[in-house]
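Below: the structure, in structure tokens.
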Amino acid sequence: MFRKTFTGLIVAGAALATATAAFAQDAAVAAGPVKNPTVEQMATMVNKGDTTWMLISSVLVLLMSVPGLALFYGGLVRTKNMLSVLMQVFMIVSITGLMWALFGYSIAFTSGAGHEIMGYQFFGGLSKSLMAGVTSGTYAATFSNGVYIPELSYFVFQMTFAMITPALFIGSFAERVKFWPLMLFTVLWSILVYYPVAHMVWYWAGPDFLMDTVKKTADGTLISQDSGFLFQKGALDFAGGTVVHINAGIAGLVGCLVLGKRLGFGKENTPPHSLTMTMIGASLLWVGWFGFNAGSNLESNGVAAVAFVNTMLATCAAALSWAVVEQLVHKKPSMLGAASGAVAGLVAITPASGYGAPMTSIVLGLIVSPICFFFVSTVKNKFKYDDTLDVFGIHCIGGITGALATAVVAAPSLGGQGYFDYTVFPAVAVASDAYSITGQLWIQIQAVVTTLLWSGIVSAILLIAIDKLIGLRASEEAEREGLDLNEHGERAYNM
Amino acid sequence: MKFIVAIIKPFKLDEVRDALGALGVAGMTVTEVKGFGRQKGQTEIYRGAEYTTNMLPKVKIEVAVSDALAPQVVETIQQVASTDAIGDGKIFVLELASATRIRTGETGDTAL
């Protein structure tokens, strides 16, 4: 915190000095960070290290989707459906990337002021559609006063999140969904679920602007501010536990229920065709996730390193605890189990990565695997839903575990980072004794329930509508012969 | 002449081949096969989903030998391929009506 403020002072000082060249340097520094800086002032608050880190992080998150997630999922299906999974991920990434430039970024990350519902914001506007006004000379806020990154780097970093999220839910639909109807669902889901939820959780005016938009009652209760619905409530989601994993996870569950079970589910053997691919994919996810979590700090600083270390430790712990659970239950630790555990750990630490401490992150990793294991084995077998690749059991359940645990691990009393109060200027870290774990837990529960309901209900409506209008499920013949030949006209392996 | 078909565990193939070569068996045909006998397959578990594989991978060896050599071949395969565990396989001996070497047209024992 001290370091942050200090940097802010110097950068802001430089900004003022440039803006008002007549002022002496000493006087400018004494003025502190700049409230509501102009674009010209922001241009002097950009750091090459931060910019580099954001661009690298964007590449890492793309690596998670292609080829990471594609191979992780692809290895788990049967040979005849391998390409369908790879192709679905590849095209979702391509389509959602274009959509992000057309209007996605604008809906998610511009102010929804002017069309609030009960003082809360659910959607942004269309002012940055077609990337209007997003150039090399515009800047995006970070979490520190007086620190900015080029808006294009923020744009592309967030784009990679909008790409991977819909690619996650295809794991529930695998081996039976038709290609183009799935793409249509992806487009509609992005517009009606991803962009609004991202806006609700992540949009805010920025640390140098928020305080002037805050409206409070006479007794200090917050009425509104220029930020998304859940941000305003104080929900903590560092890198996307709600926005990405719970959001996609519940859509996956709804999808597998609407689609129905695969032919032969529970009767025929449907073992993974290549756990080698799955291990490679899971490992690439692990590598890319450092961009996802540590990149979400938006600055290359100590908190980014905290997120990095927490991500590493939680993942190691979760991979180990899944293997141990399998040893106890099935008498053998499996590679698929270890990979599943690693992914569950990555999912769980995502919302907590920048808030927790290394030792509490290890505990979180150790806890999440048994919970997810219980869902993918016992719960799935009991209720007999065909969530083909366990999107619900790992991403949604792991995401919920992480979102709730964030309230605990963020507590300064447990070594966590707490959070910053941005309604004052400059922002201040919340005092250790002012942080209430139960109070924060209640906020996290609201964020989880909001996401589950929003994504679950909208996904159900969209999927049922698409199924009735154009059909979502491949024909019985295509499903038996394989989607690769029938949907794409090719085979993964010609041997 | 006898035609001997042996179903053995795949990892025993090299040992069997060397032992038969030492006996003077000049050639054999090997095929990767699947099947089941008293060993009823094995269970695989993927994230809690249990699959019982009822066909297990084995190797099928086919050799044609003279009547004189046949008992030794059967005995050698039996001894070398045995692990004393269930699933070691079986050996079948068939009468062989004729044998012809394609290159030379030789028939009978000289063709083996």
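Note on naming: chains are A, B, ... as they come in the structure tokens, residues start from 1 per chain, ligands start from 1 in the order shown.
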
task = Please provide the set of residues having any atom within 10 Å of stretch 44-61 of chain B, restricted to only C-alpha atoms, with same-chain residues fewer than 2 positions apart removed, written as a count of residues only.
result = 60

query = In stretch 203-402 of chain A, what's strand (DSSP E) per DSSP? Answer as a PyMOL selection string?
reply = chain A and resi 215-216+222-224

Writing out the chosen residues with C-alpha atoms as a tab-separated table (two decimals), in the first residue's frame:
```
chain	number	residue	atom	x	y	z
A	215	LYS	CA	-24.12	8.75	-3.69
A	216	LYS	CA	-24.70	8.05	-0.02
A	222	LEU	CA	-24.19	3.61	-0.20
A	223	ILE	CA	-27.01	4.33	-2.65
A	224	SER	CA	-25.13	4.11	-5.90
```

ask   = Suppose you want the space between atom CA of A:Ala304 and atom CA of A:Gly146; what is it in Å?
value =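 Between atom CA of A:Ala304 and atom CA of A:Gly146 the gap works out to 17.4 Å.
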
request  = Could you please write out, as a VMD selection string, every residue of chain B that DSSP assigns to alpha helix (DSSP H)?
outcome  = chain B and resid 13 to 23 70 to 81

Go ahead and save the picked residues with C-alpha atoms, as an mmCIF file, in the first residue's frame.
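Output file out.cif follows:
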```cif
data_model
loop_
_atom_site.group_PDB
_atom_site.id
_atom_site.type_symbol
_atom_site.label_atom_id
_atom_site.label_comp_id
_atom_site.auth_asym_id
_atom_site.auth_seq_id
_atom_site.Cartn_x
_atom_site.Cartn_y
_atom_site.Cartn_z
ATOM 1 C CA LEU B 13 6.172 -62.533 -26.811
ATOM 2 C CA ASP B 14 9.903 -61.889 -27.002
ATOM 3 C CA GLU B 15 10.751 -64.668 -24.569
ATOM 4 C CA VAL B 16 8.596 -67.145 -26.461
ATOM 5 C CA ARG B 17 10.071 -66.111 -29.770
ATOM 6 C CA ASP B 18 13.642 -66.583 -28.513
ATOM 7 C CA ALA B 19 12.858 -69.951 -26.947
ATOM 8 C CA LEU B 20 11.183 -71.255 -30.107
ATOM 9 C CA GLY B 21 14.054 -69.956 -32.226
ATOM 10 C CA ALA B 22 16.445 -71.959 -30.037
ATOM 11 C CA LEU B 23 14.351 -75.067 -30.728
ATOM 12 C CA ALA B 70 5.380 -80.234 -32.047
ATOM 13 C CA PRO B 71 5.458 -81.650 -28.458
ATOM 14 C CA GLN B 72 8.622 -79.662 -27.646
ATOM 15 C CA VAL B 73 7.119 -76.473 -29.053
ATOM 16 C CA VAL B 74 3.972 -76.860 -26.967
ATOM 17 C CA GLU B 75 5.975 -77.617 -23.845
ATOM 18 C CA THR B 76 8.331 -74.667 -24.426
ATOM 19 C CA ILE B 77 5.526 -72.172 -24.986
ATOM 20 C CA GLN B 78 3.724 -73.457 -21.919
ATOM 21 C CA GLN B 79 6.791 -73.060 -19.745
ATOM 22 C CA VAL B 80 8.052 -69.755 -21.094
ATOM 23 C CA ALA B 81 4.707 -67.978 -21.324
#
```

For atom CA of A:Gly418 and atom CA of A:Val193, the interatomic separation in Å (one decimal) = 28.6 Å

ask   = Within 10 Å of A:Thr311, counting only C-alpha atoms, which residues qualify if same-chain residues fewer than 3 places away don't, as an MDAnalysis selection string?
value = chainID A and resid 286 289:290 292:294 305:308 314:316 345:350 352:354 356 358 361:362 365

Limited to N, CA and C atoms, could you put the picked residues into a file as an mmCIF file, in the first residue's frame?
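The file below, result01.cif, is the result:
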```cif
data_model
loop_
_atom_site.group_PDB
_atom_site.id
_atom_site.type_symbol
_atom_site.label_atom_id
_atom_site.label_comp_id
_atom_site.auth_asym_id
_atom_site.auth_seq_id
_atom_site.Cartn_x
_atom_site.Cartn_y
_atom_site.Cartn_z
ATOM 1 N N TRP A 286 -2.624 -24.700 -16.802
ATOM 2 C CA TRP A 286 -1.891 -24.291 -15.601
ATOM 3 C C TRP A 286 -0.931 -23.129 -15.926
ATOM 4 N N TRP A 289 -2.782 -19.957 -16.862
ATOM 5 C CA TRP A 289 -3.565 -19.393 -15.755
ATOM 6 C C TRP A 289 -2.806 -18.304 -14.999
ATOM 7 N N PHE A 290 -1.477 -18.285 -15.127
ATOM 8 C CA PHE A 290 -0.731 -17.205 -14.469
ATOM 9 C C PHE A 290 -1.060 -15.869 -15.129
ATOM 10 N N PHE A 292 -3.977 -15.331 -16.486
ATOM 11 C CA PHE A 292 -5.368 -15.144 -16.075
ATOM 12 C C PHE A 292 -5.443 -14.506 -14.683
ATOM 13 N N ASN A 293 -4.736 -15.097 -13.732
ATOM 14 C CA ASN A 293 -4.838 -14.632 -12.342
ATOM 15 C C ASN A 293 -3.905 -13.473 -12.028
ATOM 16 N N ALA A 294 -2.611 -13.665 -12.289
ATOM 17 C CA ALA A 294 -1.666 -12.599 -11.960
ATOM 18 C C ALA A 294 -1.870 -11.416 -12.902
ATOM 19 N N ALA A 305 2.465 -10.662 -8.032
ATOM 20 C CA ALA A 305 3.301 -11.784 -7.582
ATOM 21 C C ALA A 305 2.578 -12.625 -6.536
ATOM 22 N N VAL A 306 1.796 -11.961 -5.675
ATOM 23 C CA VAL A 306 0.995 -12.698 -4.689
ATOM 24 C C VAL A 306 0.010 -13.619 -5.418
ATOM 25 N N ALA A 307 -0.686 -13.053 -6.412
ATOM 26 C CA ALA A 307 -1.659 -13.842 -7.177
ATOM 27 C C ALA A 307 -0.960 -15.013 -7.867
ATOM 28 N N PHE A 308 0.234 -14.752 -8.367
ATOM 29 C CA PHE A 308 1.017 -15.778 -9.063
ATOM 30 C C PHE A 308 1.349 -16.931 -8.107
ATOM 31 N N ALA A 314 -2.010 -23.280 -4.708
ATOM 32 C CA ALA A 314 -3.347 -23.879 -4.631
ATOM 33 C C ALA A 314 -3.461 -25.030 -5.628
ATOM 34 N N THR A 315 -2.854 -24.859 -6.806
ATOM 35 C CA THR A 315 -2.930 -25.880 -7.842
ATOM 36 C C THR A 315 -2.162 -27.132 -7.438
ATOM 37 N N CYS A 316 -0.956 -26.936 -6.915
ATOM 38 C CA CYS A 316 -0.170 -28.085 -6.433
ATOM 39 C C CYS A 316 -0.961 -28.845 -5.361
ATOM 40 N N GLY A 345 -8.206 -26.784 -8.610
ATOM 41 C CA GLY A 345 -7.440 -25.846 -7.793
ATOM 42 C C GLY A 345 -7.290 -24.499 -8.467
ATOM 43 N N LEU A 346 -7.028 -24.517 -9.769
ATOM 44 C CA LEU A 346 -6.901 -23.271 -10.521
ATOM 45 C C LEU A 346 -8.213 -22.489 -10.496
ATOM 46 N N VAL A 347 -9.318 -23.235 -10.670
ATOM 47 C CA VAL A 347 -10.635 -22.587 -10.665
ATOM 48 C C VAL A 347 -10.893 -21.957 -9.292
ATOM 49 N N ALA A 348 -10.609 -22.729 -8.237
ATOM 50 C CA ALA A 348 -10.953 -22.261 -6.898
ATOM 51 C C ALA A 348 -10.128 -21.045 -6.483
ATOM 52 N N ILE A 349 -8.868 -21.010 -6.894
ATOM 53 C CA ILE A 349 -8.011 -19.900 -6.449
ATOM 54 C C ILE A 349 -8.281 -18.646 -7.284
ATOM 55 N N THR A 350 -8.924 -18.800 -8.427
ATOM 56 C CA THR A 350 -9.119 -17.668 -9.335
ATOM 57 C C THR A 350 -9.726 -16.424 -8.654
ATOM 58 N N ALA A 352 -9.847 -15.748 -5.583
ATOM 59 C CA ALA A 352 -9.126 -15.412 -4.355
ATOM 60 C C ALA A 352 -7.673 -15.045 -4.603
ATOM 61 N N SER A 353 -7.198 -15.247 -5.842
ATOM 62 C CA SER A 353 -5.752 -15.236 -6.079
ATOM 63 C C SER A 353 -5.048 -13.982 -5.574
ATOM 64 N N GLY A 354 -5.636 -12.814 -5.813
ATOM 65 C CA GLY A 354 -4.961 -11.588 -5.398
ATOM 66 C C GLY A 354 -5.328 -11.147 -3.993
ATOM 67 N N GLY A 356 -5.848 -13.617 -1.235
ATOM 68 C CA GLY A 356 -5.451 -14.559 -0.193
ATOM 69 C C GLY A 356 -3.965 -14.482 0.114
ATOM 70 N N PRO A 358 -0.385 -17.134 0.722
ATOM 71 C CA PRO A 358 0.077 -18.453 0.265
ATOM 72 C C PRO A 358 -0.422 -19.625 1.114
ATOM 73 N N SER A 361 -4.057 -20.245 0.671
ATOM 74 C CA SER A 361 -4.305 -20.746 -0.684
ATOM 75 C C SER A 361 -4.073 -22.252 -0.747
ATOM 76 N N ILE A 362 -3.049 -22.719 -0.023
ATOM 77 C CA ILE A 362 -2.789 -24.163 0.016
ATOM 78 C C ILE A 362 -3.991 -24.886 0.623
ATOM 79 N N GLY A 365 -6.733 -25.076 -1.867
ATOM 80 C CA GLY A 365 -6.459 -26.108 -2.863
ATOM 81 C C GLY A 365 -6.730 -27.510 -2.325
#
```

task = Rank A:Gly264, A:Leu230, A:Ala410, A:Met159 by their smallest atom-to-atom distance to A:Glu476, using only C-alpha atoms, and report the top residue only.
result =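 Closest candidate: A:Gly264.
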
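Candidate residues A:Ala339, A:Leu462, A:Ala239, A:Leu364 were compared for distance to chain B, and the nearest is A:Ala339, using only C-alpha atoms.
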
Show which residues sit within 9 Å of A:Gly104, as a short mmCIF file (atom, residue, chain, number, x, y, z; two decimals) with N, CA and C atoms, in the first residue's frame. Count only C-alpha atoms, and ignore same-chain residues fewer than 5 positions away.
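Once written, result.cif looks like this:
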```
data_model
loop_
_atom_site.label_atom_id
_atom_site.label_comp_id
_atom_site.auth_asym_id
_atom_site.auth_seq_id
_atom_site.Cartn_x
_atom_site.Cartn_y
_atom_site.Cartn_z
N THR A 96 -16.08 -15.09 -30.64
CA THR A 96 -16.21 -14.17 -29.51
C THR A 96 -15.15 -13.07 -29.56
N GLY A 97 -14.01 -13.35 -30.20
CA GLY A 97 -13.00 -12.31 -30.38
C GLY A 97 -13.53 -11.18 -31.25
N LEU A 98 -14.19 -11.56 -32.34
CA LEU A 98 -14.78 -10.54 -33.22
C LEU A 98 -15.89 -9.78 -32.49
N MET A 99 -16.72 -10.54 -31.77
CA MET A 99 -17.83 -9.88 -31.07
C MET A 99 -17.33 -8.87 -30.04
N PHE A 109 -17.68 -3.04 -20.52
CA PHE A 109 -16.78 -2.12 -19.82
C PHE A 109 -16.99 -0.64 -20.12
N LEU A 126 -23.27 1.34 -25.44
CA LEU A 126 -22.73 0.97 -26.75
C LEU A 126 -21.76 2.03 -27.28
N SER A 129 -18.79 0.75 -29.17
CA SER A 129 -19.02 -0.24 -30.22
C SER A 129 -18.06 -0.01 -31.37
N MET A 159 -10.60 -9.44 -23.67
CA MET A 159 -11.12 -10.23 -24.80
C MET A 159 -10.82 -11.72 -24.60
N ALA A 162 -13.35 -13.26 -22.46
CA ALA A 162 -14.63 -13.45 -23.15
C ALA A 162 -14.55 -14.62 -24.12
N SER A 190 -23.08 -14.90 -24.99
CA SER A 190 -22.10 -13.84 -24.73
C SER A 190 -22.80 -12.51 -24.50
N ILE A 191 -23.79 -12.22 -25.36
CA ILE A 191 -24.47 -10.93 -25.28
C ILE A 191 -25.33 -10.84 -24.02
N TYR A 194 -22.59 -13.28 -20.63
CA TYR A 194 -21.20 -12.93 -20.29
C TYR A 194 -21.00 -11.43 -20.11
N TYR A 195 -21.42 -10.65 -21.10
CA TYR A 195 -21.16 -9.20 -21.00
C TYR A 195 -21.84 -8.59 -19.79
#
```

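Reported to one decimal place, the separation of atom CA of A:Glu151 from atom CA of A:Gln41 is 14.3 Å.
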
key: Given only C-alpha atoms as the counted atoms, nearest of A:Thr79, A:Thr165, A:Met312, A:Thr38 to A:Met495   = A:Thr79

Need to verify the contact set: A:Ile443, 12 Å, only C-alpha atoms, exclusion of same-chain residues closer than 5 positions in sequence. Can you return it as a compact mmCIF listing (two decimals) with C-alpha atoms, in the first residue's frame?
```
# COMPACT_ATOMS: atom_id res chain seq x y z
CA VAL A 201 -18.72 -7.80 -11.32
CA PHE A 229 -24.25 -4.28 -9.62
CA LEU A 230 -22.01 -6.77 -7.82
CA PHE A 231 -18.94 -4.54 -7.71
CA GLN A 232 -21.09 -2.00 -5.95
CA LYS A 233 -22.18 -4.58 -3.41
CA GLY A 234 -18.52 -5.22 -2.68
CA ALA A 235 -18.21 -8.70 -4.20
CA LEU A 236 -14.59 -9.83 -4.45
CA ASP A 237 -13.70 -11.69 -7.65
CA ALA A 403 -15.91 -17.53 -4.48
CA LEU A 404 -17.09 -18.31 -0.96
CA ALA A 405 -13.60 -19.09 0.31
CA THR A 406 -12.43 -15.71 -0.99
CA ALA A 407 -14.32 -14.07 1.87
CA VAL A 408 -12.22 -16.08 4.31
CA SER A 436 -15.85 -8.92 8.50
CA ILE A 437 -15.54 -12.47 7.18
CA THR A 438 -19.23 -13.21 7.68
CA VAL A 448 -22.76 -16.54 -6.55
CA VAL A 449 -26.57 -16.75 -6.46
CA THR A 450 -26.95 -13.82 -8.85
```
